[in-house]
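Trainee: Below is a structure I'd like to ask you about.
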Amino acid sequence: MIPAIEIRGLRKAFGKQTVLSGIDLNVPAGTIFALLGPNGAGKTTLIHILSTLVAPDAGSVRIAGHDLVGGKDGVKRSISLTGQFAAVDEVLTGEENLRMMGRLSGLSASEAKARAEELLRRFDLTDAARKRVKTYSGGMRRRLDLAVSLVVRKPILFLDEPTTGMDTHSRRALWDMILGLAEEGVTVFLTTQYLEEADQLADRIAVIAGGKIVAQGTAKELKARIGEDVLELRDERDEVFREIPTGGSVGEIKRLLDDLVRSVPEGARLNLRRPSMDDVFVALTATPKEESVS
Amino acid sequence: MTTRTLAPAQSKSASFGAAGAVFIGRSLRHSLRNTEALMMAILLPIMLMLLFTYVFGGALDPSGHYVNYVVPGIILLCAGFGSSSTAVDVATDMTNGIIDRFRTMPIASMNVITGHVTASLARNLLATAIVIGVGLLVGFEPSADFLEWLGAAGMITLFILTFTWLFAAIGLVAGTPAAASGYGFALLFLPYLSSAFVQTDTMPTWLQWIAENQPITPVIETIRGLLTGTPIGNQAWLAVGWCLLLLIIAIVWGSWSFRRKAGRR
Ligand SMILES: Nc1ncnc2c1ncn2[C@@H]1O[C@H](COP(=O)(O)OP(=O)(O)OP(=O)(O)O)[C@@H](O)[C@H]1O
Ligand SMILES: [Mg+2]
């Protein structure tokens, strides 16, 4: 299959600060790809490069078969971007924003109007359609921002932390929508700080840290590397003083507890929880060399 | 939200003209909704006309014909103020994520700027019409025939376009809307240092030199000549030359900075 996104040896530095130091990635068409990484890992920088906003220092990138440097127009024709921070016109109303983007995407006035109405309905914004975006709440603004990216369907959709700041209901609805888009053949490249989100949505996940992809694979493969559940030990003041990754089986946890009973202080309490982004990150960055688990 | 989104596939995009029209419409909406700037565009000409005619007019020219002298100056002063908000509009767009969205679309995103320029032109032509209207009410007696009116309108339009583009370039270069507004302020002093309000030969020699060799004076003299029949001489050529030169500089400077800023937020 032709990959929708093909990245080879991509590098980018801002002044003396190297942000991306050799990224290689392949995203097959029609799949959902999640890029997982902590603050400042370079997720936004990578998305900006892939969406033609920032020029890379080195490396080659092909988007939907178009070269990022030589075929910028072809790339722009194939992509749609929802950035990390809402990119909507504050002075206009929600409806006017959608209609404007529809017109800019080549829809006729009546097509743009119909499309705006449909999207407002889908994103629960019909009541606020005629209000200026300035008066929107953060979550409403985010939903409008996403709606704007879907005014016309492009083969590749970039979403930079799409659900940050959304309530649970909107987040689930957006997840469903992303899954639906992938079903229709849209390639979705998203970044997130939540393992759960990557887990729920992505066909493949890559973890970025220190300017490199430190691991990639399916959610299952990644979790196999960090264990199923994390055993947390808390002292009397309810502060976590130890975290132990486990395979999650009863036998393993019993053996672990048998050992711990002898070593932990009196009054220590335990708690089992799912691995968090931090755990994945700590586990995966412990081995600095890139290593594909697939 | 529903489960499935069936976005219609679309690979074509708006033509250059269609995108331009969309951006002009957007900027006009912005202008109409920025109540302060709109009030300023309407009230400032009225207030300045009354101020210069009734408060300063008597002292500057006791014969009572000062209004004939000052109309071109007030037109330019208002056009300066009116176009200065373009710097803030452009800087606001450049620091908001929306510019990134436009840049990732297969359209000429520089049209965002030409949209603001066109809206400024519309606002300032309205302000000019108000200056002339109020002027006529308080005793302005233009001697222009149809062709001279046309010439004056052309000169004023070219001047507004030049000033607006200069402010747009300032908005593109400035890092923030506040900085844009600060840098733009300097340009607004130019009309005072010209023949707009007093004849240059009343100024000290060094100032006279500045006043006679800066772009505003020939523009004022040209408009004044066309509207009230004072001698123009070579001022018209100087005025058009100055405006075109500054216009080209502003467009080149602005476009360069627009491209350079890509992804530099
Ligand atoms: N235009 C720029 N100029 C200089 N440094 C930059 C620029 N953009 C990003 N950086 C730096 O690059 C690094 C990576 O930033 P980036 O925004 O890509 O991280 P991120 O993974 O998206 O983080 P977050 O999760 O906080 O959004 C940061 O250290 C940031 O300071
Ligand atoms: Mg980011």
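Going through the structure tokens in order, the chains are called A, B, and so on, while each chain numbers its residues from 1 and the ligands are numbered from 1 in the order shown.
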Considering only C-alpha atoms, extract the chain A residues located within 6 Å of chain B and return them as a PDB file with N, CA, C and O atoms, in the first residue's frame.

Mentor:
```pdb
ATOM      1  N   LEU A  53       3.734  24.377   7.235  1.00  0.00           N
ATOM      2  CA  LEU A  53       3.872  25.677   7.913  1.00  0.00           C
ATOM      3  C   LEU A  53       5.319  25.989   8.261  1.00  0.00           C
ATOM      4  O   LEU A  53       5.717  27.150   8.317  1.00  0.00           O
ATOM      5  N   VAL A  54       6.097  24.958   8.553  1.00  0.00           N
ATOM      6  CA  VAL A  54       7.486  25.151   8.940  1.00  0.00           C
ATOM      7  C   VAL A  54       8.358  24.321   8.003  1.00  0.00           C
ATOM      8  O   VAL A  54       8.006  23.182   7.685  1.00  0.00           O
ATOM      9  N   ASP A  73       1.796  22.624  -3.185  1.00  0.00           N
ATOM     10  CA  ASP A  73       0.383  22.813  -3.522  1.00  0.00           C
ATOM     11  C   ASP A  73      -0.386  21.502  -3.452  1.00  0.00           C
ATOM     12  O   ASP A  73      -1.505  21.456  -2.958  1.00  0.00           O
ATOM     13  N   LYS A  76      -0.964  20.707   0.141  1.00  0.00           N
ATOM     14  CA  LYS A  76      -2.035  21.526   0.709  1.00  0.00           C
ATOM     15  C   LYS A  76      -3.403  21.046   0.250  1.00  0.00           C
ATOM     16  O   LYS A  76      -4.378  21.134   0.985  1.00  0.00           O
ATOM     17  N   ARG A  77      -3.460  20.550  -0.988  1.00  0.00           N
ATOM     18  CA  ARG A  77      -4.730  20.063  -1.503  1.00  0.00           C
ATOM     19  C   ARG A  77      -5.169  18.780  -0.796  1.00  0.00           C
ATOM     20  O   ARG A  77      -6.340  18.439  -0.802  1.00  0.00           O
ATOM     21  N   ALA A  87      -8.004  27.919  15.820  1.00  0.00           N
ATOM     22  CA  ALA A  87      -7.701  28.818  14.718  1.00  0.00           C
ATOM     23  C   ALA A  87      -9.003  29.222  14.061  1.00  0.00           C
ATOM     24  O   ALA A  87      -9.328  28.776  12.974  1.00  0.00           O
ATOM     25  N   VAL A  88      -9.781  30.037  14.766  1.00  0.00           N
ATOM     26  CA  VAL A  88     -11.047  30.487  14.219  1.00  0.00           C
ATOM     27  C   VAL A  88     -11.097  32.006  14.312  1.00  0.00           C
ATOM     28  O   VAL A  88     -10.344  32.616  15.057  1.00  0.00           O
ATOM     29  N   LEU A 104     -13.804  29.219   0.766  1.00  0.00           N
ATOM     30  CA  LEU A 104     -12.371  29.166   0.455  1.00  0.00           C
ATOM     31  C   LEU A 104     -11.967  27.788  -0.074  1.00  0.00           C
ATOM     32  O   LEU A 104     -10.974  27.656  -0.771  1.00  0.00           O
ATOM     33  N   SER A 105     -12.750  26.768   0.299  1.00  0.00           N
ATOM     34  CA  SER A 105     -12.441  25.420  -0.179  1.00  0.00           C
ATOM     35  C   SER A 105     -13.113  25.121  -1.510  1.00  0.00           C
ATOM     36  O   SER A 105     -13.115  23.986  -1.964  1.00  0.00           O
ATOM     37  N   GLY A 106     -13.719  26.129  -2.113  1.00  0.00           N
ATOM     38  CA  GLY A 106     -14.258  25.956  -3.444  1.00  0.00           C
ATOM     39  C   GLY A 106     -15.719  25.547  -3.502  1.00  0.00           C
ATOM     40  O   GLY A 106     -16.217  25.192  -4.570  1.00  0.00           O
ATOM     41  N   ARG A 122     -23.967  18.662  13.847  1.00  0.00           N
ATOM     42  CA  ARG A 122     -23.120  17.549  14.279  1.00  0.00           C
ATOM     43  C   ARG A 122     -22.288  17.884  15.499  1.00  0.00           C
ATOM     44  O   ARG A 122     -21.997  17.033  16.319  1.00  0.00           O
ATOM     45  N   PHE A 123     -21.827  19.125  15.587  1.00  0.00           N
ATOM     46  CA  PHE A 123     -20.942  19.500  16.689  1.00  0.00           C
ATOM     47  C   PHE A 123     -21.692  20.235  17.803  1.00  0.00           C
ATOM     48  O   PHE A 123     -21.075  20.921  18.606  1.00  0.00           O
ATOM     49  N   ASP A 124     -22.998  20.058  17.842  1.00  0.00           N
ATOM     50  CA  ASP A 124     -23.793  20.621  18.939  1.00  0.00           C
ATOM     51  C   ASP A 124     -23.637  22.127  19.054  1.00  0.00           C
ATOM     52  O   ASP A 124     -23.547  22.676  20.156  1.00  0.00           O
ATOM     53  N   VAL A 152     -14.667  20.377   4.121  1.00  0.00           N
ATOM     54  CA  VAL A 152     -14.577  19.441   2.994  1.00  0.00           C
ATOM     55  C   VAL A 152     -13.669  18.307   3.429  1.00  0.00           C
ATOM     56  O   VAL A 152     -12.822  18.493   4.299  1.00  0.00           O
ATOM     57  N   ARG A 153     -13.866  17.142   2.858  1.00  0.00           N
ATOM     58  CA  ARG A 153     -13.058  16.005   3.289  1.00  0.00           C
ATOM     59  C   ARG A 153     -11.762  15.944   2.501  1.00  0.00           C
ATOM     60  O   ARG A 153     -11.758  15.852   1.278  1.00  0.00           O
ATOM     61  N   ASP A 176     -15.596   8.933  18.298  1.00  0.00           N
ATOM     62  CA  ASP A 176     -16.455   8.222  17.353  1.00  0.00           C
ATOM     63  C   ASP A 176     -16.323   8.811  15.957  1.00  0.00           C
ATOM     64  O   ASP A 176     -16.276   8.106  14.959  1.00  0.00           O
ATOM     65  N   MET A 177     -16.274  10.143  15.936  1.00  0.00           N
ATOM     66  CA  MET A 177     -16.197  10.797  14.647  1.00  0.00           C
ATOM     67  C   MET A 177     -14.881  10.471  13.933  1.00  0.00           C
ATOM     68  O   MET A 177     -14.854  10.227  12.733  1.00  0.00           O
ATOM     69  N   GLY A 180     -15.070   7.099  12.566  1.00  0.00           N
ATOM     70  CA  GLY A 180     -15.917   7.112  11.374  1.00  0.00           C
ATOM     71  C   GLY A 180     -15.168   7.616  10.155  1.00  0.00           C
ATOM     72  O   GLY A 180     -15.284   7.058   9.058  1.00  0.00           O
TER      73      GLY A 180
END
```

Trainee: Skip region 124-139 of chain B itself and residues of its chain fewer than 6 positions away, then list as a ChimeraX atom specification all residues within 12 Å of it, counting only C-alpha atoms.

Mentor: /B:31,37-54,57,64-86,117-118,149,152-161,163-164,227

Trainee: For ligand 2, collect every residue having any atom at a distance of at most 12 Å from a ligand atom (counting only C-alpha atoms and all ligand atoms); output as a list in words.

Mentor: Leu35, Leu36, Gly37, Pro38, Asn39, Gly40, Ala41, Gly42, Lys43, Thr44, Thr45, Leu46, Ile47, His48, Thr82, Gly83, Gln84, Phe85, Leu159, Asp160, Glu161, Pro162, Thr164, Leu190, Thr191, Thr192, Gln193 and Ile208 of chain A

Trainee: Mind checking which residues fall within 12 Å of Asp167 (chain A), counting only C-alpha atoms, ignoring those fewer than 4 positions away in the same chain, and posting them as a PyMOL selection string?

Mentor: chain A and resi 137-140+142-143+162-163+171-174

Trainee: Please provide the set of residues having any atom within 8 Å of region 211-219 of chain B, restricted to only C-alpha atoms, with same-chain residues fewer than 3 positions apart removed, written as a PyMOL selection string.

Mentor: chain B and resi 155+159+190-191+193-196+200+207-208+222-223+235-236+238-240+242-243

Trainee: Pick the closest to ligand 1 from A:Ala129, A:Leu119, A:Ile49, A:Leu201: which is it, counting only C-alpha atoms and all ligand atoms?

Mentor: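 Smallest separation from ligand 1 among the options: A:Ile49.
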
Trainee: Once DSSP has gone over the backbone, tell me which residues of region 94-275 of chain A are in helix (DSSP H, G or I), as a PyMOL selection string.

Mentor: chain A and resi 94-104+109-122+126-128+133-135+138-149+168-183+195-201+219-226+250-263

Trainee: Rank nothing, just name the residue among B:Gly229, B:Gly17, B:Gly254, B:Gly58 nearest to Phe167 (chain B), using only C-alpha atoms.

Mentor: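 Smallest distance to Phe167 (chain B) is found for B:Gly254.
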
Trainee: Can you pull out every residue within 12 Å of Asp67 (chain A), counting only C-alpha atoms, but drop anything in the same chain fewer than 5 positions away, and send it as a list in words?

Mentor: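 The contact residues come out as Ala4, Ile5, Glu6, Ile7, Arg8, Leu50, Ser51, Thr52, Gly59, Ser60, Val61, Arg62, Lys72, Asp73, Gly74, Val75, Lys76 and Ser78 of chain A.
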
Trainee: Which residues are close to Pro3 (chain A), i.e. within 7 Å by only C-alpha atoms, leaving aside same-chain residues fewer than 3 positions away? Reply as JSON, numbers by chain.

Mentor: {"A": [6, 26, 27, 28, 29]}

Trainee: Would you kindly return, as a list in words, each protein, DNA or RNA residue with an atom no farther than 9 Å from any atom of Leu98 (chain A), considering only C-alpha atoms and excluding same-chain residues fewer than 6 positions away?

Mentor: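 Final neighbour list, sorted by chain and number: Ala112, Lys113, Arg115, Ala116, Glu117, Leu119, Leu120, Leu144, Ala147, Val148 and Val151 of chain A.
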
Trainee: Go ahead and write the selection's residues with N, CA and C atoms as a PDB file, in the first residue's frame.

Mentor:
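The resulting again.pdb:
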```pdb
ATOM      1  N   ALA A 112     -21.900  25.886   0.691  1.00  0.00           N
ATOM      2  CA  ALA A 112     -21.208  26.263   1.933  1.00  0.00           C
ATOM      3  C   ALA A 112     -22.211  26.458   3.062  1.00  0.00           C
ATOM      4  N   LYS A 113     -23.361  27.038   2.725  1.00  0.00           N
ATOM      5  CA  LYS A 113     -24.381  27.285   3.744  1.00  0.00           C
ATOM      6  C   LYS A 113     -24.936  25.963   4.270  1.00  0.00           C
ATOM      7  N   ARG A 115     -23.557  23.027   4.171  1.00  0.00           N
ATOM      8  CA  ARG A 115     -22.515  22.307   4.876  1.00  0.00           C
ATOM      9  C   ARG A 115     -22.324  22.876   6.294  1.00  0.00           C
ATOM     10  N   ALA A 116     -22.387  24.213   6.397  1.00  0.00           N
ATOM     11  CA  ALA A 116     -22.233  24.862   7.704  1.00  0.00           C
ATOM     12  C   ALA A 116     -23.338  24.404   8.645  1.00  0.00           C
ATOM     13  N   GLU A 117     -24.560  24.380   8.137  1.00  0.00           N
ATOM     14  CA  GLU A 117     -25.680  23.966   8.985  1.00  0.00           C
ATOM     15  C   GLU A 117     -25.506  22.542   9.487  1.00  0.00           C
ATOM     16  N   LEU A 119     -22.716  20.827   9.836  1.00  0.00           N
ATOM     17  CA  LEU A 119     -21.626  20.700  10.812  1.00  0.00           C
ATOM     18  C   LEU A 119     -22.009  21.293  12.167  1.00  0.00           C
ATOM     19  N   LEU A 120     -22.749  22.405  12.142  1.00  0.00           N
ATOM     20  CA  LEU A 120     -23.178  23.009  13.405  1.00  0.00           C
ATOM     21  C   LEU A 120     -24.035  22.013  14.181  1.00  0.00           C
ATOM     22  N   LEU A 144     -15.813  24.026  17.229  1.00  0.00           N
ATOM     23  CA  LEU A 144     -15.934  24.782  15.979  1.00  0.00           C
ATOM     24  C   LEU A 144     -14.665  24.606  15.144  1.00  0.00           C
ATOM     25  N   ALA A 147     -14.812  21.385  13.493  1.00  0.00           N
ATOM     26  CA  ALA A 147     -15.818  21.410  12.432  1.00  0.00           C
ATOM     27  C   ALA A 147     -15.252  22.095  11.191  1.00  0.00           C
ATOM     28  N   VAL A 148     -14.503  23.172  11.403  1.00  0.00           N
ATOM     29  CA  VAL A 148     -13.925  23.912  10.288  1.00  0.00           C
ATOM     30  C   VAL A 148     -12.998  23.008   9.463  1.00  0.00           C
ATOM     31  N   VAL A 151     -14.955  20.849   6.854  1.00  0.00           N
ATOM     32  CA  VAL A 151     -15.861  21.482   5.900  1.00  0.00           C
ATOM     33  C   VAL A 151     -15.851  20.724   4.568  1.00  0.00           C
TER      34      VAL A 151
END
```

Trainee: Could you jot down the CA of Phe258 (chain B) to CA of Val188 (chain A) separation for me, Å, one decimal place?

Mentor: 29.4 Å

Trainee: Using only C-alpha atoms, which residue out of A:Leu10, A:Ile32, A:Ala283, A:Ala128 lies closest to Leu179 (chain A)?

Mentor: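 Checking each candidate against Leu179 (chain A), we get A:Ile32 as the closest.
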